[in-house]
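Pasting run-v3.txt here (compact mmCIF, C-alpha atoms):
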```txt
# COMPACT_ATOMS: atom_id res chain seq x y z
CA MET X 46 3.32 19.13 -9.63
CA LYS X 47 5.93 16.63 -8.47
CA GLY X 48 5.32 17.28 -4.79
CA ASN X 49 1.55 17.21 -5.08
CA LEU X 50 1.55 13.97 -7.05
CA LYS X 51 3.90 12.27 -4.61
CA LYS X 52 1.65 13.20 -1.72
CA THR X 53 -1.53 12.26 -3.56
CA THR X 54 -0.13 8.92 -4.68
CA ALA X 55 0.98 7.94 -1.21
CA SER X 56 -2.31 9.13 0.22
CA LEU X 57 -3.96 6.45 -1.88
CA LEU X 58 -2.41 3.84 0.42
CA VAL X 59 -4.32 5.22 3.39
CA PHE X 60 -7.37 5.31 1.11
CA VAL X 61 -6.83 1.61 0.33
CA MET X 62 -6.52 0.76 4.00
CA VAL X 63 -9.61 2.75 4.96
CA CYS X 64 -11.66 1.33 2.08
CA GLY X 65 -10.63 -2.14 3.17
CA VAL X 66 -12.02 -1.67 6.65
CA SER X 67 -15.11 0.20 5.55
CA ALA X 68 -15.96 -2.55 3.07
CA CYS X 69 -16.62 -4.80 6.03
CA GLY X 70 -17.82 -2.19 8.47
CA THR X 71 -19.77 1.04 8.56
CA ALA X 72 -19.04 4.33 6.91
CA ILE X 73 -18.00 6.71 9.65
CA LYS X 74 -18.21 10.49 9.37
CA THR X 75 -16.67 12.59 12.07
CA ASN X 76 -15.54 16.12 12.68
CA PRO X 77 -11.95 16.91 13.68
CA GLY X 78 -11.48 16.56 17.42
CA GLU X 79 -14.84 14.93 17.98
CA ASN X 80 -15.06 11.73 20.03
CA LEU X 81 -18.38 10.07 19.23
CA ILE X 82 -18.31 7.67 22.17
CA HIS X 83 -19.98 9.51 25.00
CA ASN X 84 -18.93 8.25 28.39
CA ASP X 85 -20.64 9.44 31.54
CA LYS X 86 -17.42 8.85 33.43
CA LYS X 87 -14.59 11.03 32.26
CA GLU X 88 -11.45 9.11 31.37
CA GLU X 89 -8.57 9.96 33.69
CA ARG X 90 -5.98 8.90 31.11
CA THR X 91 -6.40 9.48 27.39
CA VAL X 92 -4.34 9.58 24.23
CA VAL X 93 -5.28 11.28 20.97
CA LEU X 94 -5.18 9.43 17.63
CA PHE X 95 -5.17 11.24 14.28
CA SER X 96 -6.69 9.12 11.53
CA PRO X 97 -8.98 9.31 8.48
CA MET X 98 -11.65 7.55 10.56
CA GLY X 99 -13.21 8.01 13.97
CA LYS X 100 -15.32 5.97 16.39
CA ALA X 101 -18.86 4.84 15.77
CA ASP X 102 -21.63 5.15 18.32
CA ALA X 103 -20.91 3.21 21.48
CA ASP X 104 -24.15 1.22 21.11
CA ALA X 105 -23.37 0.01 17.59
CA GLU X 106 -23.35 -3.75 17.07
CA ASN X 107 -19.87 -5.25 16.99
CA THR X 108 -20.55 -6.75 13.56
CA LEU X 109 -20.93 -3.24 12.20
CA ARG X 110 -17.73 -1.91 13.66
CA THR X 111 -14.63 -1.41 11.53
CA ALA X 112 -11.63 -3.64 11.98
CA GLN X 113 -9.60 -0.69 13.21
CA GLU X 114 -12.19 0.24 15.79
CA ARG X 115 -12.43 -3.25 17.25
CA THR X 116 -8.72 -3.16 18.04
CA ILE X 117 -9.05 0.29 19.58
CA ILE X 118 -11.87 -0.83 21.86
CA MET X 119 -9.78 -3.80 22.95
CA ALA X 120 -6.79 -1.54 23.65
CA GLU X 121 -8.94 0.74 25.80
CA GLU X 122 -10.22 -2.20 27.81
CA LYS X 123 -6.74 -3.73 28.26
CA THR X 124 -4.97 -0.53 29.29
CA GLY X 125 -7.70 1.52 30.94
CA ILE X 126 -6.60 4.40 28.71
CA GLY X 127 -9.20 6.21 26.63
CA ILE X 128 -8.56 6.98 22.96
CA ASP X 129 -9.89 10.24 21.58
CA PHE X 130 -9.99 10.96 17.85
CA ASN X 131 -8.94 13.85 15.71
CA THR X 132 -9.99 13.00 12.17
CA TYR X 133 -9.19 14.23 8.69
CA THR X 134 -11.88 15.35 6.27
CA ALA X 135 -11.03 17.00 2.95
CA GLU X 136 -13.58 19.77 3.41
CA ASP X 137 -12.00 20.82 6.68
CA TYR X 138 -8.48 20.94 5.30
CA GLN X 139 -9.44 22.14 1.80
CA GLU X 140 -6.42 21.79 -0.51
CA LYS X 141 -4.18 20.02 2.03
CA THR X 142 -3.73 16.29 1.61
CA TYR X 143 -3.92 13.86 4.51
CA ASP X 144 -0.14 13.50 4.32
CA GLU X 145 0.49 17.24 4.58
CA VAL X 146 -1.83 17.54 7.55
CA CYS X 147 -0.12 14.63 9.34
CA ILE X 148 3.29 16.21 8.83
CA ASP X 149 2.13 19.56 10.21
CA ARG X 150 0.46 17.98 13.22
CA VAL X 151 3.41 15.76 14.13
CA ARG X 152 5.84 18.66 13.86
CA SER X 153 3.56 20.74 16.05
CA GLY X 154 3.10 17.94 18.62
CA MET X 155 -0.69 18.12 18.29
CA ASP X 156 -1.59 14.43 18.76
CA ASP X 157 -0.14 11.26 20.26
CA VAL X 158 -0.68 8.48 17.68
CA TYR X 159 -0.98 8.76 13.88
CA LEU X 160 -1.92 6.51 10.97
CA LEU X 161 0.80 7.34 8.43
CA ASN X 162 1.66 6.61 4.81
CA PRO X 163 5.13 5.17 4.08
CA ASP X 164 6.64 8.34 2.59
CA VAL X 165 5.49 10.30 5.65
CA VAL X 166 6.95 7.63 7.94
CA LYS X 167 10.24 8.07 6.07
CA LEU X 168 10.21 11.88 6.31
CA LEU X 169 9.18 12.14 9.95
CA GLY X 170 11.38 9.22 10.99
CA GLU X 171 14.44 10.87 9.46
CA GLU X 172 13.55 14.12 11.23
CA GLY X 173 13.32 12.33 14.57
CA GLY X 174 9.63 13.15 14.88
CA LEU X 175 8.53 9.57 15.59
CA ALA X 176 9.22 7.59 18.76
CA ASP X 177 11.17 4.34 18.71
CA LEU X 178 8.73 1.42 19.05
CA SER X 179 11.37 -1.31 19.17
CA GLY X 180 10.70 -1.93 22.85
CA LEU X 181 7.03 -2.83 22.41
CA GLU X 182 6.09 -6.43 23.10
CA ALA X 183 4.27 -6.59 19.77
CA ALA X 184 7.46 -5.62 17.93
CA LYS X 185 8.96 -9.01 18.77
CA ASP X 186 6.31 -10.76 16.65
CA LEU X 187 6.60 -8.67 13.49
CA ARG X 188 7.54 -10.18 10.15
CA GLU X 189 10.94 -9.15 8.84
CA ILE X 190 9.29 -7.39 5.90
CA VAL X 191 7.46 -5.11 8.34
CA LYS X 192 10.59 -4.30 10.30
CA MET X 193 12.52 -3.51 7.13
CA ALA X 194 9.81 -1.19 5.82
CA ASN X 195 9.47 0.76 9.06
CA THR X 196 12.98 0.93 10.53
CA ILE X 197 14.88 4.19 10.12
CA ASP X 198 18.35 4.78 11.57
CA GLY X 199 17.97 1.61 13.60
CA LYS X 200 14.64 2.66 15.12
CA LEU X 201 11.28 0.99 14.48
CA VAL X 202 9.12 4.09 13.97
CA ALA X 203 5.81 2.63 12.73
CA ILE X 204 3.78 -0.59 12.93
CA PRO X 205 0.91 -1.49 10.56
CA GLN X 206 -2.20 -3.54 11.20
CA GLU X 207 -2.07 -5.10 7.76
CA ILE X 208 0.28 -5.66 4.83
CA VAL X 209 -1.09 -4.38 1.52
CA ALA X 210 -0.02 -6.58 -1.40
CA TYR X 211 -0.49 -5.67 -5.06
CA GLY X 212 -0.76 -8.16 -7.91
CA LEU X 213 -2.29 -8.98 -11.26
CA PHE X 214 -5.99 -9.86 -11.17
CA ILE X 215 -6.68 -12.39 -13.92
CA ASN X 216 -9.86 -13.79 -15.43
CA LYS X 217 -8.83 -17.45 -15.31
CA ASP X 218 -11.85 -18.54 -17.37
CA VAL X 219 -10.58 -16.49 -20.32
CA PHE X 220 -7.07 -17.85 -19.90
CA ASP X 221 -8.39 -21.41 -19.84
CA ARG X 222 -10.46 -20.76 -22.96
CA TYR X 223 -7.28 -20.07 -24.92
CA ASP X 224 -5.07 -22.58 -23.08
CA LEU X 225 -2.99 -19.83 -21.51
CA LYS X 226 -0.89 -20.47 -18.40
CA LEU X 227 -0.60 -17.86 -15.67
CA PRO X 228 2.55 -15.94 -16.61
CA GLU X 229 5.71 -16.22 -14.53
CA GLN X 230 8.17 -14.33 -16.74
CA PRO X 231 7.72 -10.93 -18.45
CA GLN X 232 7.84 -12.48 -21.91
CA GLU X 233 5.14 -14.98 -20.96
CA LEU X 234 2.78 -12.10 -20.13
CA LEU X 235 3.52 -10.53 -23.51
CA ASP X 236 2.78 -13.85 -25.20
CA CYS X 237 -0.55 -14.10 -23.34
CA CYS X 238 -1.49 -10.58 -24.38
CA LYS X 239 -0.68 -11.36 -28.01
CA VAL X 240 -3.08 -14.32 -27.99
CA LEU X 241 -5.78 -12.33 -26.21
CA LYS X 242 -5.50 -9.42 -28.65
CA GLU X 243 -5.66 -11.78 -31.61
CA ASN X 244 -8.88 -13.21 -30.17
CA GLY X 245 -10.76 -9.93 -29.92
CA PHE X 246 -9.63 -8.37 -26.62
CA GLU X 247 -8.75 -4.89 -27.84
CA THR X 248 -6.81 -3.98 -24.68
CA PRO X 249 -5.78 -7.11 -22.73
CA ILE X 250 -4.57 -5.19 -19.66
CA GLY X 251 -6.81 -2.62 -17.99
CA ALA X 252 -4.74 0.05 -16.25
CA ASN X 253 -5.16 3.24 -14.26
CA ARG X 254 -2.93 6.21 -13.54
CA TRP X 255 -1.93 4.97 -10.07
CA TRP X 256 -0.76 1.37 -10.12
CA LEU X 257 1.26 0.78 -13.27
CA GLU X 258 4.38 1.55 -11.24
CA ASN X 259 3.98 -1.94 -9.75
CA PHE X 260 5.20 -3.44 -13.04
CA VAL X 261 8.31 -1.26 -12.79
CA LEU X 262 8.96 -1.78 -9.08
CA ALA X 263 8.58 -5.57 -9.37
CA GLN X 264 11.18 -5.82 -12.12
CA ALA X 265 13.46 -3.12 -10.76
CA PHE X 266 13.89 -4.64 -7.31
CA ALA X 267 13.20 -8.36 -7.75
CA ASP X 268 16.92 -9.13 -7.44
CA LEU X 269 17.59 -6.51 -4.77
CA TYR X 270 15.08 -8.02 -2.33
CA ASN X 271 15.50 -11.66 -3.29
CA GLY X 272 19.14 -12.01 -4.34
CA GLY X 273 20.73 -12.12 -0.90
CA ASN X 274 22.50 -8.73 -1.13
CA THR X 275 19.74 -6.31 -0.15
CA GLU X 276 21.74 -4.12 2.25
CA GLU X 277 24.77 -3.92 -0.05
CA GLU X 278 22.68 -2.96 -3.07
CA MET X 279 20.75 -0.31 -1.17
CA GLU X 280 24.00 1.19 0.10
CA ALA X 281 25.35 1.30 -3.45
CA ILE X 282 22.27 3.22 -4.61
CA ASN X 283 22.34 5.56 -1.62
CA THR X 284 26.01 6.40 -2.15
CA GLY X 285 25.73 6.78 -5.92
CA ARG X 286 27.96 3.79 -6.74
CA ALA X 287 24.95 2.24 -8.50
CA LYS X 288 22.52 4.18 -10.67
CA LEU X 289 18.88 3.96 -9.67
CA SER X 290 17.92 4.42 -13.31
CA ASP X 291 19.74 1.18 -14.19
CA TYR X 292 17.31 -0.62 -11.89
CA MET X 293 14.28 1.19 -13.30
CA ARG X 294 15.07 1.01 -17.02
CA PRO X 295 13.98 -2.62 -17.69
CA GLY X 296 10.54 -1.97 -16.16
CA PHE X 297 10.01 1.22 -18.17
CA GLU X 298 11.14 -0.44 -21.38
CA TYR X 299 8.72 -3.28 -20.63
CA LEU X 300 5.83 -0.85 -20.08
CA GLN X 301 6.70 0.98 -23.29
CA GLU X 302 6.67 -2.31 -25.21
CA MET X 303 3.21 -3.17 -23.85
CA ILE X 304 1.97 0.29 -24.83
CA ASP X 305 3.52 0.08 -28.32
CA LYS X 306 1.88 -3.32 -28.93
CA GLY X 307 -1.52 -2.07 -27.77
CA TYR X 308 -1.68 -4.29 -24.70
CA ILE X 309 -2.10 -1.20 -22.49
CA ASP X 310 -3.98 1.92 -23.58
CA ALA X 311 -1.72 4.70 -22.31
CA LYS X 312 -4.12 7.58 -23.01
CA THR X 313 -6.99 5.87 -21.22
CA ALA X 314 -4.85 4.72 -18.30
CA TYR X 315 -3.66 8.31 -17.81
CA THR X 316 -7.23 9.41 -17.10
CA TYR X 317 -8.52 6.40 -15.15
CA GLU X 318 -8.90 6.36 -11.40
CA ALA X 319 -8.06 3.15 -9.57
CA ILE X 320 -10.73 0.42 -10.04
CA ASP X 321 -13.39 2.96 -11.04
CA GLY X 322 -11.78 3.27 -14.46
CA GLU X 323 -10.81 -0.21 -15.61
CA GLY X 324 -12.98 -2.12 -13.12
CA PRO X 325 -16.28 -2.19 -15.06
CA ASP X 326 -14.66 -3.72 -18.16
CA PHE X 327 -12.85 -6.32 -16.06
CA LYS X 328 -16.04 -7.34 -14.26
CA ALA X 329 -17.89 -7.42 -17.58
CA GLN X 330 -15.14 -9.74 -18.95
CA LYS X 331 -14.17 -7.28 -21.67
CA THR X 332 -10.68 -6.93 -20.19
CA PRO X 333 -9.05 -10.12 -18.85
CA ILE X 334 -6.24 -8.55 -16.75
CA VAL X 335 -6.06 -5.65 -14.27
CA MET X 336 -3.84 -4.78 -11.31
CA ALA X 337 -5.11 -4.06 -7.81
CA TYR X 338 -4.43 -4.52 -4.13
CA TRP X 339 -5.27 -7.54 -1.93
CA GLY X 340 -8.44 -6.09 -0.39
CA ALA X 341 -10.04 -5.54 -3.79
CA ALA X 342 -10.51 -9.31 -4.04
CA ASN X 343 -12.56 -9.27 -0.84
CA ALA X 344 -14.69 -6.15 -1.29
CA GLU X 345 -17.87 -6.72 -3.31
CA SER X 346 -17.71 -3.13 -4.50
CA SER X 347 -14.38 -3.98 -6.20
CA TYR X 348 -13.63 -7.53 -7.40
CA GLY X 349 -14.95 -9.57 -4.49
CA LYS X 350 -18.00 -10.69 -6.46
CA VAL X 351 -17.35 -11.53 -10.12
CA ASP X 352 -18.95 -14.02 -12.50
CA PHE X 353 -15.75 -15.87 -13.35
CA ASP X 354 -12.80 -17.68 -11.78
CA LEU X 355 -10.57 -14.94 -10.37
CA GLN X 356 -6.87 -15.54 -9.75
CA VAL X 357 -4.48 -13.00 -8.23
CA ILE X 358 -0.76 -13.47 -8.94
CA GLY X 359 2.44 -11.51 -8.51
CA PHE X 360 3.84 -9.36 -11.33
CA PRO X 361 5.91 -11.43 -13.79
CA THR X 362 9.68 -10.91 -13.37
CA LYS X 363 12.80 -12.86 -14.27
CA ARG X 364 12.51 -14.35 -10.77
CA GLY X 365 8.92 -15.41 -11.37
CA GLN X 366 5.72 -13.93 -9.99
CA MET X 367 6.49 -11.08 -7.60
CA PRO X 368 4.03 -9.37 -5.22
CA VAL X 369 4.63 -5.68 -4.56
CA VAL X 370 4.07 -4.83 -0.92
CA ALA X 371 3.35 -1.50 0.76
CA MET X 372 1.89 -0.61 4.13
CA THR X 373 0.57 2.25 6.18
CA GLY X 374 1.63 2.24 9.81
CA TYR X 375 0.83 3.68 13.22
CA GLY X 376 3.49 5.96 14.63
CA VAL X 377 3.78 7.74 17.98
CA ASN X 378 4.79 11.40 18.13
CA ALA X 379 8.22 11.63 19.77
CA LYS X 380 6.99 14.82 21.46
CA ALA X 381 3.67 13.27 22.53
CA GLU X 382 2.23 14.69 25.73
CA HIS X 383 1.21 11.18 26.76
CA LEU X 384 4.17 9.30 25.26
CA GLU X 385 4.22 6.18 27.44
CA ASP X 386 0.42 5.84 27.43
CA ALA X 387 0.46 6.19 23.63
CA LYS X 388 3.03 3.39 23.37
CA ASP X 389 1.00 1.19 25.71
CA VAL X 390 -2.16 1.71 23.65
CA LEU X 391 -0.39 1.03 20.36
CA ASP X 392 1.24 -2.08 21.82
CA GLN X 393 -2.23 -3.48 22.44
CA MET X 394 -3.60 -2.36 19.04
CA VAL X 395 -0.90 -4.32 17.19
CA SER X 396 -0.70 -7.30 19.54
CA ASP X 397 -1.50 -10.75 18.17
CA GLU X 398 -4.80 -10.72 20.02
CA ALA X 399 -5.85 -7.42 18.46
CA LEU X 400 -4.58 -8.36 15.00
CA SER X 401 -6.62 -11.56 15.18
CA LEU X 402 -9.71 -9.39 15.77
CA TYR X 403 -8.67 -7.23 12.84
CA MET X 404 -8.34 -10.27 10.60
CA GLU X 405 -11.80 -11.53 11.59
CA THR X 406 -13.26 -8.39 10.03
CA ASN X 407 -10.79 -7.99 7.16
CA GLN X 408 -9.20 -11.02 5.53
CA VAL X 409 -5.79 -9.35 5.26
CA ILE X 410 -2.13 -10.31 5.55
CA SER X 411 -1.11 -9.81 9.15
CA PRO X 412 2.13 -8.04 10.08
CA SER X 413 2.63 -10.69 12.80
CA LYS X 414 4.67 -13.75 11.89
CA ASN X 415 2.47 -15.78 14.26
CA LEU X 416 -0.82 -15.28 12.41
CA GLU X 417 -1.75 -17.11 9.22
CA THR X 418 -4.02 -15.48 6.69
CA ASP X 419 -7.29 -17.28 5.97
CA CYS X 420 -7.68 -15.97 2.44
CA LYS X 421 -9.98 -16.91 -0.40
CA ASP X 422 -8.70 -19.24 -3.10
CA ALA X 423 -8.19 -16.40 -5.56
CA LEU X 424 -5.55 -14.85 -3.31
CA LYS X 425 -3.60 -17.99 -2.41
CA PRO X 426 -0.94 -17.58 -5.16
CA LEU X 427 -0.13 -14.10 -3.85
CA ASN X 428 -0.27 -15.19 -0.22
CA ASP X 429 2.00 -18.17 -0.84
CA LYS X 430 4.70 -15.93 -2.31
CA ILE X 431 4.65 -13.61 0.68
CA ASP X 432 4.75 -16.54 3.10
CA GLU X 433 7.83 -17.74 1.23
CA GLY X 434 9.44 -14.33 1.69
CA VAL X 435 9.25 -13.56 -2.02
CA TYR X 436 8.21 -9.93 -2.57
CA VAL X 437 9.31 -6.43 -3.48
CA LEU X 438 8.81 -3.49 -1.15
CA GLY X 439 7.01 -0.67 -2.92
CA ALA X 440 8.26 1.80 -0.33
CA ASN X 441 11.43 1.41 1.72
CA PRO X 442 12.62 4.29 3.92
CA ASN X 443 16.17 2.93 3.83
CA LEU X 444 16.48 3.95 0.18
CA ASN X 445 17.18 7.68 0.06
CA VAL X 446 15.03 8.27 -3.04
CA GLU X 447 11.33 7.77 -2.25
CA GLN X 448 10.10 5.03 -4.57
CA TRP X 449 6.32 4.70 -4.63
CA GLY X 450 5.25 8.26 -5.36
CA ASN X 451 8.19 9.16 -7.61
CA THR X 452 7.83 6.03 -9.74
CA CYS X 453 4.11 6.64 -10.14
CA LEU X 454 4.77 10.21 -11.28
CA ILE X 455 7.43 9.22 -13.79
CA VAL X 456 5.28 6.37 -15.14
CA ARG X 457 2.59 8.95 -15.77
CA GLU X 458 5.11 10.97 -17.77
CA LEU X 459 5.70 7.85 -19.88
CA LEU X 460 1.95 7.47 -20.39
CA ASN X 461 1.84 11.10 -21.49
CA GLY X 462 4.46 10.59 -24.19
CA ALA X 463 7.85 10.93 -22.47
CA SER X 464 10.58 8.60 -23.76
CA VAL X 465 12.20 5.94 -21.59
CA ASP X 466 15.47 7.91 -21.71
CA GLU X 467 13.68 11.04 -20.47
CA CYS X 468 12.16 9.04 -17.63
CA MET X 469 15.59 7.71 -16.67
CA GLU X 470 16.93 11.27 -16.58
CA ARG X 471 14.28 12.06 -13.98
CA PHE X 472 15.50 9.18 -11.79
CA ASP X 473 19.10 10.33 -12.23
CA GLN X 474 18.05 13.81 -11.12
CA LEU X 475 16.26 12.46 -8.04
CA GLN X 476 19.27 10.36 -7.12
CA GLU X 477 21.61 13.31 -7.53
CA GLU X 478 19.37 15.43 -5.31
CA SER X 479 19.42 12.71 -2.63
CA LEU X 480 23.25 12.64 -2.73
CA GLN X 481 23.36 16.36 -2.08
```

Now, as a test, write the supplied structure out as structure tokens.
Amino acid sequence: MKGNLKKTTASLLVFVMVCGVSACGTAIKTNPGENLIHNDKKEERTVVLFSPMGKADADAENTLRTAQERTIIMAEEKTGIGIDFNTYTAEDYQEKTYDEVCIDRVRSGMDDVYLLNPDVVKLLGEEGGLADLSGLEAAKDLREIVKMANTIDGKLVAIPQEIVAYGLFINKDVFDRYDLKLPEQPQELLDCCKVLKENGFETPIGANRWWLENFVLAQAFADLYNGGNTEEEMEAINTGRAKLSDYMRPGFEYLQEMIDKGYIDAKTAYTYEAIDGEGPDFKAQKTPIVMAYWGAANAESSYGKVDFDLQVIGFPTKRGQMPVVAMTGYGVNAKAEHLEDAKDVLDQMVSDEALSLYMETNQVISPSKNLETDCKDALKPLNDKIDEGVYVLGANPNLNVEQWGNTCLIVRELLNGASVDECMERFDQLQEESLQ
């Protein structure tokens, strides 16, 4: 179960990224290996990209194209290199997740470029399966957060087209009704929930089985990423001089307290899918707080169109509101048949010019330090924190124990009745395994 849940949880990040682009573009259905742009003139140079999505018809209007596809078209025009698609569909791979298929294909040298989840970037980067992208021109313009999240053994092995930030989505109208301030500290959130529950909100925080780990990760690593000793603390965890469970315990105790006080319904959260579960009650103003990713505030199918003042903030920690950041990234197979062409294409796809195109379609946080996000008012508190360099990485390949998937799994054990001490034993076990 552990392995499957880790893979499924991380796969949700690619799902988030794909849903973000499809919310502003067209739904694209392709078959593996099929390139839906039909050119009369055969491309002399091509690279193959493996991704959950393929190309639309060549005659489609630009306004209907996905953000990803616009950057690919630009890269083809700039380099003169064609990009063919191999795409993932669940029915073709049956019980295999997108992550498992990516790992198999990279190890087998089947494609040139891949869209990868962070835990897969970590695994394949440590194996030496991904090429070093440090020499790309676009790499010079990356934010430090992007470099940190995608550098393994001194090599930049993946580059994203967007940074995915998670935060608390709050119905500000309800908060104003009861004179509640947006919480900065963990206790302030508890105090808000107490008032909300006393005023008829049975469950103040709507939760699902995927994203409650953000509460834990924000508290666990707020100091590590913002205290000025990031490298030293990570080394201490990796060598066993510091216990990972000591970092995780405050977040788990905090979640348990919210469950015990009825602010989170653990049984319901355990069964809810992301947004589909808690979303209807939030939009209907029956639940004043949920957690979600940046793009959910833009997509009308999620929380982009609500009948109240929406505010998105970081998770309350002792250092104040803290966004949790994760990202999928494009990597190049180290054994790629067309290695240099693949690097050239990717360099164009993640250039400032291409990322500006991407941001025109999706109002996202750019990985480039040169591009400012034009976000809606609801997202400004979250965006301001990230611009200030205040954040927690949800997945960091430089920590030996994978964080995102493992924390999600162990949080689910808590929801299912495990004690905090039992959850900490699981982290101790994972750390011990990493030391071996």

Taking 4 positions as the minimum chain separation for residues in the same chain, which residues sit within 9 Å of Ile309 of chain X when counting only C-alpha atoms? Answer as a list of chain:residue names.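 Residues meeting the cut-off are X:Thr248, X:Pro249, X:Ile250, X:Gly251, X:Ala252, X:Leu300, X:Met303, X:Ile304, X:Asp305, X:Thr313, X:Ala314.
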
Would you mind telling me which residue in X:Asn244, X:Asn195, X:Gln393, X:Ser153 lies nearest to Thr332 of chain X when using all atoms listed in the file?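 The answer is X:Asn244, which sits nearest to Thr332 of chain X.
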
Selection as a ChimeraX atom specification: residues within 12 Å of (-5.9, 6.0, -11.0), counting all atoms listed in the file: /X:50,53-54,57,251-258,313-324,336-337,453-454,456-457

Of the candidates X:Gln206, X:Thr418, X:Thr373, X:Ser464, which one gets nearest to Arg115 of chain X if we count all atoms listed in the file? X:Gln206

Could you give me, as a ChimeraX atom specification, the residues within 10 Å of Ile410 of chain X, counting all atoms listed in the file and dropping anything in the same chain fewer than 3 positions from it? /X:206-210,339-340,400,404,407,413-414,416-420,428,431-432

Between X:Leu355, X:Met367, X:Cys238, X:Ile204, which one has atoms that come closest to Lys217 of chain X, using all atoms listed in the file? X:Leu355

Using all atoms listed in the file, give me every residue within 12 Å of (12.1, -7.3, 4.5) in file coordinates, as a PDB file with C-alpha atoms, keeping the file's coordinate frame.
```
ATOM      1  CA  LEU X 187       6.600  -8.670  13.490  1.00  0.00           C
ATOM      2  CA  ARG X 188       7.540 -10.180  10.150  1.00  0.00           C
ATOM      3  CA  GLU X 189      10.940  -9.150   8.840  1.00  0.00           C
ATOM      4  CA  ILE X 190       9.290  -7.390   5.900  1.00  0.00           C
ATOM      5  CA  VAL X 191       7.460  -5.110   8.340  1.00  0.00           C
ATOM      6  CA  LYS X 192      10.590  -4.300  10.300  1.00  0.00           C
ATOM      7  CA  MET X 193      12.520  -3.510   7.130  1.00  0.00           C
ATOM      8  CA  ALA X 194       9.810  -1.190   5.820  1.00  0.00           C
ATOM      9  CA  ASN X 195       9.470   0.760   9.060  1.00  0.00           C
ATOM     10  CA  THR X 196      12.980   0.930  10.530  1.00  0.00           C
ATOM     11  CA  ILE X 208       0.280  -5.660   4.830  1.00  0.00           C
ATOM     12  CA  LEU X 269      17.590  -6.510  -4.770  1.00  0.00           C
ATOM     13  CA  TYR X 270      15.080  -8.020  -2.330  1.00  0.00           C
ATOM     14  CA  ASN X 271      15.500 -11.660  -3.290  1.00  0.00           C
ATOM     15  CA  GLY X 273      20.730 -12.120  -0.900  1.00  0.00           C
ATOM     16  CA  ASN X 274      22.500  -8.730  -1.130  1.00  0.00           C
ATOM     17  CA  THR X 275      19.740  -6.310  -0.150  1.00  0.00           C
ATOM     18  CA  GLU X 276      21.740  -4.120   2.250  1.00  0.00           C
ATOM     19  CA  VAL X 369       4.630  -5.680  -4.560  1.00  0.00           C
ATOM     20  CA  VAL X 370       4.070  -4.830  -0.920  1.00  0.00           C
ATOM     21  CA  ALA X 371       3.350  -1.500   0.760  1.00  0.00           C
ATOM     22  CA  PRO X 412       2.130  -8.040  10.080  1.00  0.00           C
ATOM     23  CA  ILE X 431       4.650 -13.610   0.680  1.00  0.00           C
ATOM     24  CA  ASP X 432       4.750 -16.540   3.100  1.00  0.00           C
ATOM     25  CA  GLU X 433       7.830 -17.740   1.230  1.00  0.00           C
ATOM     26  CA  GLY X 434       9.440 -14.330   1.690  1.00  0.00           C
ATOM     27  CA  VAL X 435       9.250 -13.560  -2.020  1.00  0.00           C
ATOM     28  CA  TYR X 436       8.210  -9.930  -2.570  1.00  0.00           C
ATOM     29  CA  VAL X 437       9.310  -6.430  -3.480  1.00  0.00           C
ATOM     30  CA  LEU X 438       8.810  -3.490  -1.150  1.00  0.00           C
ATOM     31  CA  GLY X 439       7.010  -0.670  -2.920  1.00  0.00           C
ATOM     32  CA  ALA X 440       8.260   1.800  -0.330  1.00  0.00           C
ATOM     33  CA  ASN X 441      11.430   1.410   1.720  1.00  0.00           C
ATOM     34  CA  PRO X 442      12.620   4.290   3.920  1.00  0.00           C
ATOM     35  CA  ASN X 443      16.170   2.930   3.830  1.00  0.00           C
TER      36      ASN X 443
END
```

From the list X:Gly272, X:Gly359, X:Gly376, X:Pro97, the nearest residue to Leu178 of chain X using all atoms listed in the file is X:Gly376

Between atom CA of Ala329 of chain X and atom CA of Asn259 of chain X, what is the spacing in Å?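 Computed distance, atom CA of Asn259 of chain X to atom CA of Ala329 of chain X, equals 23.9 Å.
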
Suppose you want the space between atom CA of Asp354 of chain X and atom CA of Ala423 of chain X; what is it in Å?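 A separation of 7.8 Å between them.
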
Distance atom CA of Glu140 of chain X-atom CA of Leu94 of chain X, one decimal place?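 For atom CA of Glu140 of chain X relative to atom CA of Leu94 of chain X, the distance reads 22.0 Å.
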